[in-house]
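Encoded as structure tokens, the structure appears first; notes follow it.
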Amino acid sequence: MSEIWYNSIAMNIKKLVKPGVYSLKAYQAKEIPCKIKLDANESPYGFRDFYNVLRSIKTNRYPDPEAKNLRKIIAKEFSVKPENILQGNGSDELIYYLIATFGGPVLFPEPTFSMYGIIATALDEKTLPVALDGTFDLDIEKIFNHLKKENPKLIFLSSPNNPTGNCFSSEKILKIIEKTTQKSIVIIDEAYQPFSSKKGYIPLLNDYENLVIMRTLSKIGMAALRTGFLIASEEIIEQVNKVRLPFNLNSFSQKIACEILKKKELLGKYIKSICNERDRLFKEMSKIKGVIAYPSEANFILFKVENSEMVYKSLLKAGVLIRNMNSVVNDCLRVTIGTIKENNIFLEELRKSILNTRN
């Protein structure tokens, strides 16, 4: 009797859920036990000793709804006005706000950060994934065809791109922005830009009204804070702010982020260390027979191996957790740049794994 009742309830829930949501697969952010965690594009360097900062927070009061101090610091860093900035609880929330504000269709390359498509589908907006070309760059012809036929409201371009690690052609990005000046909002997700040798697109904001830059503090050592921000024209910020949830960025994140962003010299040192290790890791991986490592401008490296599933499991068995990207890029895995010690252990275990899969 109880089983029949349960099945009846389950059937009713299925009917109530929006079809797009019901068909979705939840974003997988599993906690997998390991000795060395190199799977989530986090910085190996964190920040502590914020006791005095935390003491100043009144837990019985709501946070500053406008994150005024944080926006002021960010504005100074990027030479824009605070009115050009909107804070978010990580990039995910900002993606949600953008799609809720402007609607769809939503165009993005593939593979890329999966939340563009997941959030668009959750909001019942049409998605337009466009496969990258053979060099992991934008396929401009296919994108232009979609622009002509589908008139997307939003275009998300992650550069450097996750999981491929490369920056898209600046020429192609500019062509897309110029082509869509009166029709679409182009969002350049610069989550990994601090690790790139290429210049970002913030200086172009004054030239293109349809351009939005998205940034996050997660990759440079503040993942626990869940703090991201948009930089765009005042008009775009004003409209997106209408759907922003009140008090969306808590007091702890605001205060600690302000303190860390003042440590510019230390932040720069950590970023430089990650870039140096990335380049070293790339060279060492490229020497391993059976490994194809792709050049990266981010804090991770995508690489291809035969028997990727076996290599992934072998590394995990040795205590090294990386990201299995086989479902989006055939036979590919992705490793986040760690400390020198962590990277050396990864290299040693990768060599062993490759040998084991051949025997």
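Identifiers in this document derive from the order of the structure tokens: chains are assigned A, B, ..., residues are numbered from 1 separately in each chain, and ligands are numbered from 1 in order of occurrence.
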
Margin query: I want to know what sits within 12 Å of Pro163 in chain A, based on only C-alpha atoms, with residues of the same chain fewer than 4 positions away left out; could you give that as JSON, numbers by chain?
Written below: {"A": [39, 40, 41, 109, 110, 111, 112, 113, 114, 132, 136, 158, 159, 167, 192, 294, 295, 296, 297, 298, 299, 300, 301, 302, 303, 323, 324, 325, 326, 327, 328, 329, 332, 333, 334, 335, 336]}

Once you have the residues from the selection above, write them out as a compact mmCIF listing (two decimals), in the first residue's frame, restricted to C-alpha atoms.
# COMPACT_ATOMS: atom_id res chain seq x y z
CA ASP A 39 40.06 18.54 -10.15
CA ALA A 40 38.20 21.82 -9.56
CA ASN A 41 40.45 24.60 -10.92
CA PRO A 109 30.56 27.38 -27.80
CA GLU A 110 30.94 23.72 -26.94
CA PRO A 111 32.71 22.42 -24.93
CA THR A 112 32.67 25.21 -22.39
CA PHE A 113 31.47 25.95 -18.85
CA SER A 114 28.35 23.81 -18.54
CA LEU A 132 34.51 24.62 -31.49
CA PHE A 136 39.46 24.64 -30.00
CA SER A 158 34.65 31.99 -21.87
CA SER A 159 38.18 33.13 -22.72
CA CYS A 167 42.00 31.94 -25.43
CA TYR A 192 40.75 32.52 -15.87
CA TYR A 294 47.13 21.11 -24.87
CA PRO A 295 48.65 24.58 -24.33
CA SER A 296 46.84 26.51 -21.61
CA GLU A 297 46.31 30.13 -20.63
CA ALA A 298 44.40 29.09 -17.50
CA ASN A 299 45.24 27.40 -14.19
CA PHE A 300 44.70 23.91 -15.58
CA ILE A 301 45.84 21.71 -18.45
CA LEU A 302 43.65 19.56 -20.67
CA PHE A 303 45.38 16.44 -21.92
CA ARG A 323 38.78 15.81 -13.68
CA ASN A 324 37.54 13.23 -16.15
CA MET A 325 36.46 15.19 -19.25
CA ASN A 326 35.85 12.17 -21.46
CA SER A 327 32.14 12.96 -21.72
CA VAL A 328 32.83 16.33 -23.38
CA VAL A 329 36.23 15.84 -25.07
CA CYS A 332 40.63 13.80 -22.29
CA LEU A 333 41.39 14.55 -18.67
CA ARG A 334 41.98 17.90 -16.96
CA VAL A 335 44.46 18.62 -14.19
CA THR A 336 44.44 21.76 -12.04

Checklist line | Residue neighbourhood Pro203 in chain A, 10 Å, only C-alpha atoms, exclusion window fewer than 3 positions, as a list in words | finding: Phe78, Ser79, Val80, Lys199, Gly200, Asn206, Asp207 and Tyr208 of chain A

Convert the current residue selection to file output with N, CA and C atoms, as a short mmCIF file (atom, residue, chain, number, x, y, z; two decimals), in the first residue's frame.
data_model
loop_
_atom_site.label_atom_id
_atom_site.label_comp_id
_atom_site.auth_asym_id
_atom_site.auth_seq_id
_atom_site.Cartn_x
_atom_site.Cartn_y
_atom_site.Cartn_z
N PHE A 78 40.06 48.09 -11.73
CA PHE A 78 39.83 47.99 -13.17
C PHE A 78 39.52 49.33 -13.85
N SER A 79 39.70 50.40 -13.10
CA SER A 79 39.52 51.77 -13.65
C SER A 79 38.12 51.96 -14.24
N VAL A 80 37.12 51.54 -13.49
CA VAL A 80 35.73 51.78 -13.87
C VAL A 80 35.02 52.39 -12.67
N LYS A 199 45.67 40.08 -23.04
CA LYS A 199 44.94 41.14 -22.36
C LYS A 199 43.44 40.81 -22.36
N GLY A 200 42.77 41.23 -21.31
CA GLY A 200 41.32 41.03 -21.23
C GLY A 200 40.58 42.08 -22.03
N ASN A 206 33.95 50.71 -23.12
CA ASN A 206 33.51 52.05 -23.57
C ASN A 206 33.20 52.08 -25.07
N ASP A 207 33.72 51.10 -25.80
CA ASP A 207 33.52 51.07 -27.26
C ASP A 207 32.29 50.28 -27.69
N TYR A 208 31.87 49.34 -26.84
CA TYR A 208 30.76 48.45 -27.22
C TYR A 208 29.73 48.38 -26.10
#

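Put simply, CA of Leu38 in chain A is 14.5 Å away from CA of Ile220 in chain A.
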
Next item on the list: Enter the distance from CA of Val243 in chain A to CA of Leu98 in chain A, in Å, rounded to one decimal.
Entry: 8.8 Å

Checklist line | Test item: residues at most 10 Å from Leu123 in chain A, only C-alpha atoms, excluding those fewer than 6 positions along its chain, as JSON, numbers by chain | finding: {"A": [18, 20, 21, 96, 99, 100, 103, 104, 117]}

Next item on the list: Find the residues around Leu249 in chain A up to 8 Å (only C-alpha atoms counted), leave out those fewer than 6 positions away in its own chain, and share them as a PyMOL selection string.
Entry: chain A and resi 63+65+67+87-89+227

Notebook entry, point to check: Do you have the CA of Ile74 in chain A-CA of Leu174 in chain A distance handy?
Noted result: 24.8 Å

Check: Quick one: residues within 10 Å of Leu211 in chain A, only C-alpha atoms counted, chain neighbours fewer than 3 positions away excluded, as JSON, numbers by chain?
Finding: {"A": [155, 177, 178, 180, 181, 184, 185, 186, 187, 188, 201, 202, 204, 205, 206, 207, 208, 231, 232, 233, 236]}

Margin query: To test your reading of the structure, identify every residue in range 59-260 of chain A that backbone DSSP assigns to helix (DSSP H, G or I), and report it as a PyMOL selection string.
Written below: chain A and resi 68-78+82-84+90-102+115-122+140-150+170-179+193-195+202-204+218-220+223-225+234-241+251-260

Checklist line | Polymer residues at most 9 Å from range 268-273 of chain A, only C-alpha atoms, same-chain spacing of 6 or more positions, as a ChimeraX atom specification | finding: /A:43-45,194-195,220-221,299,339

Notebook entry, point to check: Skipping near chain neighbours, those fewer than 4 positions away, what residues fall within 12 Å of Lys148 in chain A using only C-alpha atoms, listed as an MDAnalysis selection string?
Noted result: chainID A and resid 141:144 152 176 179:180 183:184

Write out, as a PDB file, in the first residue's frame, the residues just selected, with C-alpha atoms.
ATOM      1  CA  GLU A 141      30.842  30.672 -39.766  1.00  0.00           C
ATOM      2  CA  LYS A 142      28.590  28.440 -37.674  1.00  0.00           C
ATOM      3  CA  ILE A 143      28.154  31.200 -35.094  1.00  0.00           C
ATOM      4  CA  PHE A 144      27.208  33.725 -37.796  1.00  0.00           C
ATOM      5  CA  PRO A 152      20.254  34.959 -29.789  1.00  0.00           C
ATOM      6  CA  ILE A 176      30.932  38.714 -33.026  1.00  0.00           C
ATOM      7  CA  LYS A 179      28.013  41.900 -35.668  1.00  0.00           C
ATOM      8  CA  THR A 180      25.605  41.878 -32.729  1.00  0.00           C
ATOM      9  CA  LYS A 183      20.874  42.639 -31.346  1.00  0.00           C
ATOM     10  CA  SER A 184      22.681  40.660 -28.642  1.00  0.00           C
TER      11      SER A 184
END

Checklist line | Proximity to Ser308 in chain A - best of A:Ser353, A:Phe346, A:Cys275, A:Asp133, only C-alpha atoms | finding: A:Ser353

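With only C-alpha atoms as the atoms that count, the minimum distance from Ile85 in chain A to the choices A:Cys258, A:Val212, A:Leu138, A:Met285 is reached by A:Val212.
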
Item checked: In range 108-325 of chain A, DSSP strand (DSSP E or B) residues written as a VMD selection string -> chain A and resid 108 to 110 127 to 131 154 to 158 185 to 189 211 to 216 228 to 231 291 to 293 300 to 305 320 to 321 323 to 324

Restrict the selected residues to N, CA and C atoms and save them as a compact mmCIF listing (two decimals), in the first residue's frame.
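And here's again19.txt as it stands now:
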# COMPACT_ATOMS: atom_id res chain seq x y z
N PHE A 108 26.39 29.66 -27.01
CA PHE A 108 27.70 29.46 -26.39
C PHE A 108 28.45 28.38 -27.16
N PRO A 109 29.79 28.42 -27.12
CA PRO A 109 30.56 27.38 -27.80
C PRO A 109 30.48 26.08 -27.00
N GLU A 110 30.94 25.02 -27.61
CA GLU A 110 30.94 23.72 -26.94
C GLU A 110 32.16 22.92 -27.36
N THR A 127 18.67 26.95 -26.05
CA THR A 127 20.14 26.98 -26.06
C THR A 127 20.66 26.71 -27.46
N LEU A 128 21.76 27.38 -27.79
CA LEU A 128 22.39 27.24 -29.11
C LEU A 128 23.87 26.90 -28.93
N PRO A 129 24.18 25.65 -28.61
CA PRO A 129 25.60 25.27 -28.51
C PRO A 129 26.23 25.16 -29.88
N VAL A 130 27.42 25.72 -30.03
CA VAL A 130 28.13 25.69 -31.31
C VAL A 130 29.49 25.04 -31.10
N ALA A 131 29.73 23.93 -31.78
CA ALA A 131 30.98 23.19 -31.59
C ALA A 131 32.19 24.04 -31.97
N LEU A 154 21.63 36.41 -25.89
CA LEU A 154 22.86 36.36 -25.12
C LEU A 154 23.88 35.44 -25.77
N ILE A 155 25.14 35.85 -25.74
CA ILE A 155 26.24 35.02 -26.25
C ILE A 155 27.30 34.95 -25.16
N PHE A 156 27.57 33.75 -24.65
CA PHE A 156 28.58 33.56 -23.62
C PHE A 156 29.86 33.02 -24.25
N LEU A 157 30.95 33.73 -24.01
CA LEU A 157 32.26 33.31 -24.52
C LEU A 157 33.25 33.29 -23.36
N SER A 158 33.68 32.12 -22.96
CA SER A 158 34.65 31.99 -21.87
C SER A 158 36.05 31.98 -22.46
N ILE A 185 23.56 40.67 -26.40
CA ILE A 185 24.53 40.98 -25.35
C ILE A 185 25.62 39.91 -25.42
N VAL A 186 26.87 40.34 -25.51
CA VAL A 186 28.00 39.41 -25.55
C VAL A 186 28.69 39.43 -24.18
N ILE A 187 28.69 38.29 -23.52
CA ILE A 187 29.32 38.18 -22.20
C ILE A 187 30.63 37.43 -22.34
N ILE A 188 31.74 38.09 -22.02
CA ILE A 188 33.03 37.41 -22.03
C ILE A 188 33.36 37.02 -20.60
N ASP A 189 33.38 35.75 -20.37
CA ASP A 189 33.66 35.20 -19.04
C ASP A 189 35.17 35.11 -18.86
N LEU A 211 28.64 44.83 -24.63
CA LEU A 211 29.67 43.97 -24.05
C LEU A 211 29.55 43.92 -22.53
N VAL A 212 29.63 42.71 -21.98
CA VAL A 212 29.63 42.48 -20.54
C VAL A 212 30.84 41.61 -20.19
N ILE A 213 31.55 41.97 -19.15
CA ILE A 213 32.67 41.17 -18.68
C ILE A 213 32.28 40.51 -17.36
N MET A 214 32.55 39.22 -17.26
CA MET A 214 32.25 38.50 -16.03
C MET A 214 33.56 38.02 -15.41
N ARG A 215 33.71 38.27 -14.11
CA ARG A 215 34.92 37.89 -13.38
C ARG A 215 34.54 37.14 -12.10
N THR A 216 35.50 36.42 -11.55
CA THR A 216 35.30 35.73 -10.28
C THR A 216 36.59 35.78 -9.48
N GLY A 228 31.67 36.76 -7.23
CA GLY A 228 31.90 37.11 -8.63
C GLY A 228 31.34 38.49 -8.90
N PHE A 229 31.60 39.01 -10.10
CA PHE A 229 31.05 40.33 -10.43
C PHE A 229 30.98 40.52 -11.93
N LEU A 230 30.04 41.34 -12.34
CA LEU A 230 29.89 41.78 -13.73
C LEU A 230 30.45 43.19 -13.85
N ILE A 231 31.03 43.47 -15.01
CA ILE A 231 31.42 44.84 -15.34
C ILE A 231 30.77 45.16 -16.68
N VAL A 291 50.87 10.84 -24.03
CA VAL A 291 50.14 11.99 -23.49
C VAL A 291 50.21 13.15 -24.48
N ILE A 292 49.06 13.70 -24.82
CA ILE A 292 49.00 14.91 -25.63
C ILE A 292 48.46 16.02 -24.73
N ALA A 293 49.33 16.94 -24.34
CA ALA A 293 48.93 18.06 -23.49
C ALA A 293 48.63 19.27 -24.37
N PHE A 300 44.87 25.34 -15.39
CA PHE A 300 44.70 23.91 -15.58
C PHE A 300 45.24 23.52 -16.95
N ILE A 301 45.38 22.22 -17.15
CA ILE A 301 45.84 21.71 -18.45
C ILE A 301 44.93 20.56 -18.87
N LEU A 302 44.41 20.66 -20.07
CA LEU A 302 43.65 19.56 -20.67
C LEU A 302 44.64 18.66 -21.40
N PHE A 303 44.48 17.35 -21.22
CA PHE A 303 45.38 16.44 -21.92
C PHE A 303 44.65 15.18 -22.36
N LYS A 304 45.19 14.58 -23.43
CA LYS A 304 44.56 13.41 -24.03
C LYS A 304 45.44 12.19 -23.84
N VAL A 305 44.81 11.08 -23.50
CA VAL A 305 45.52 9.81 -23.33
C VAL A 305 44.65 8.68 -23.85
N VAL A 320 45.40 10.76 -6.26
CA VAL A 320 45.44 12.01 -7.03
C VAL A 320 44.12 12.17 -7.79
N LEU A 321 43.36 13.18 -7.43
CA LEU A 321 42.07 13.43 -8.06
C LEU A 321 42.20 14.52 -9.12
N ARG A 323 40.13 15.78 -13.12
CA ARG A 323 38.78 15.81 -13.68
C ARG A 323 38.72 14.96 -14.94
N ASN A 324 37.76 14.06 -14.98
CA ASN A 324 37.54 13.23 -16.15
C ASN A 324 36.65 13.99 -17.13
